[in-house]
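Peer 1: My questions will all concern the structure given below.
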Amino acid sequence: NNGFLVVQVLGGDGQPLALRPSRADMTGDDPESRPRHEAAASREAVRALRRQMGSLQAGAMTWSEDLKEEMCICNLWGVLRISHVDEWHELAAMPRGSPLPAPLAALNAGSDVSPADIALSANLCTWGLPLLSIRGCLSVDTPPPLVFELLKSPERRAAWDVLLKEGRLVRQIGPDNAIVHEVFEPLSGDLGRPHDYALISSWRCESDGSYVIASRSIVVEEVPPSPQYQRGEVLPSGWWIQPQTDGTGSELTYAI
């Protein structure tokens, strides 16, 4: 069996002292020291990445082939976690057929009436932190499997998202995960540049017939930043698709 000993040094006041981390140039000519240093540095990088997976730390995660299964599981968990946040404050309720505000009508292919029962809400202090979360809920007559197939594909997203300029599959990772690249129309203040995202996208079908589709920003060599785009970053965001009680339609929740 192998193990690692963690030593904590206390000062005169009984508080832990911060020790200087080891450096490769401190290992000298000892042939055993450098591999130990490199292994320790690698373990620390893995621990830091695992802490980021389950935290609300902003920023994109560096993609790791060694931890891809954990990263994808945490991606899905993050969407379910935000979907179940308490203390949502209603922003708008738009029953099917009701008039849409002008900005939403522009996003609805020019139609000025709501295509479904839609409710928008926000939380300005998610989990007691200064973190803004937005949730949209809507009901549709389409069964969950068909909704799922439409929403999970980056190429098919352009059929319903008028802000999407381009969506492409970069690499499939097993049957339920993929690295994708999505480019959206410019946001105000971006000097006319489209904004893009490098994402790990994960999806699952639950035993109750519901589906989860999650995406979060990653740093990956296959999708480097480009000067023609404004690179954006998101924490786990996505869809929770639940069957309606009568089994004919779907209840959709989008959380970001």
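Naming scheme: A, B, ... for chains in displayed order of the structure tokens; residues 1 onward per chain; ligands 1 onward as shown.
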At a cut-off of 12 Å, using only C-alpha atoms, what residues contact Gly247 in chain A? Leave out same-chain residues fewer than 3 positions from it and give the result as JSON, numbers by chain.
Peer 2: {"A": [140, 141, 142, 143, 144, 145, 208, 209, 210, 242, 243, 244, 250, 251]}
Peer 1: If you count only C-alpha atoms, which residues fall within 7 Å of Cys137 in chain A, apart from same-chain ones fewer than 3 positions away, as a list in words?
Peer 2: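 Non-adjacent residues within range: Ile118, Ala119, Leu120, Leu252, Thr253 and Tyr254 of chain A.
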Peer 1: Please produce a file of the residues just selected, as a tab-separated table (two decimals), in the first residue's frame, where the atoms kept are N, CA, C and O atoms.
Peer 2:
```tsv
chain	number	residue	atom	x	y	z
A	118	ILE	N	-44.78	30.41	-19.92
A	118	ILE	CA	-43.39	30.71	-19.55
A	118	ILE	C	-43.37	31.51	-18.26
A	118	ILE	O	-44.17	32.44	-18.07
A	119	ALA	N	-42.45	31.17	-17.37
A	119	ALA	CA	-42.23	31.93	-16.13
A	119	ALA	C	-40.74	32.16	-15.97
A	119	ALA	O	-39.94	31.22	-16.07
A	120	LEU	N	-40.35	33.40	-15.75
A	120	LEU	CA	-38.95	33.76	-15.54
A	120	LEU	C	-38.76	34.23	-14.11
A	120	LEU	O	-39.57	34.99	-13.58
A	252	LEU	N	-40.27	22.05	-18.72
A	252	LEU	CA	-38.86	22.38	-18.94
A	252	LEU	C	-38.41	23.45	-17.96
A	252	LEU	O	-39.12	24.42	-17.70
A	253	THR	N	-37.23	23.24	-17.41
A	253	THR	CA	-36.58	24.25	-16.57
A	253	THR	C	-35.20	24.52	-17.14
A	253	THR	O	-34.42	23.57	-17.37
A	254	TYR	N	-34.91	25.79	-17.43
A	254	TYR	CA	-33.57	26.18	-17.85
A	254	TYR	C	-32.98	27.06	-16.75
A	254	TYR	O	-33.59	28.03	-16.32
```
Peer 1: Can you tell me how far CA of Arg193 in chain A sits from CA of Pro225 in chain A, in Å to one decimal?
Peer 2: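 Interatomic distance here is 12.8 Å.
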Peer 1: Rank A:Val220, A:Tyr229, A:Ala159, A:Gln15 by their smallest atom-to-atom distance to Glu65 in chain A, using only C-alpha atoms, and report the top residue only.
Peer 2: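 So, comparing all the options, the nearest one is A:Val220.
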Peer 1: DSSP on the backbone, strand (DSSP E) only: what residues of range 108-256 of chain A does that give? Format it as a PyMOL selection string.
Peer 2: chain A and resi 117-123+133-140+164-173+177-184+195-205+211-219+230-231+237-243+250-255
Peer 1: Go through range 129-189 of chain A residue by residue and, counting only C-alpha atoms, keep those with an atom at most 12 Å from range 78-84 of chain A; for each kept residue give the shortest atom pair and its distance in Å to one decimal, ordered by chain and increasing number, as a tab-separated table.
Peer 2:
```
residue	atom	partner	partner_atom	distance
A:Leu131	CA	A:Ile82	CA	11.1
A:Leu132	CA	A:Ile82	CA	10.7
A:Ser133	CA	A:Ile82	CA	7.7
A:Ile134	CA	A:Ile82	CA	9.2
A:Arg135	CA	A:Ser83	CA	7.4
A:Gly136	CA	A:Ser83	CA	9.7
A:Cys137	CA	A:Ser83	CA	10.1
```
Peer 1: Between CA of Ser201 in chain A and CA of Val183 in chain A, what is the distance, to one decimal in Å?
Peer 2: 14.8 Å
Peer 1: Could you jot down the CA of Pro16 in chain A to CA of Ala40 in chain A separation for me, Å, one decimal place?
Peer 2: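 We find that CA of Pro16 in chain A and CA of Ala40 in chain A lie 20.4 Å from each other.
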Peer 1: Tell me, as a PyMOL selection string, which residues lie within 8 Å of Glu182 in chain A, counting only C-alpha atoms; anything in the same chain fewer than 4 positions away does not count.
Peer 2: chain A and resi 154+164-168+196-199
Peer 1: Let me make sure I understand: among A:Val170, A:Ala92, A:Leu5, A:Ile213, which one has the smallest atom-to-atom distance to Glu149 in chain A if we use only C-alpha atoms?
Peer 2: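 Checking each candidate against Glu149 in chain A, we get A:Ile213 as the closest.
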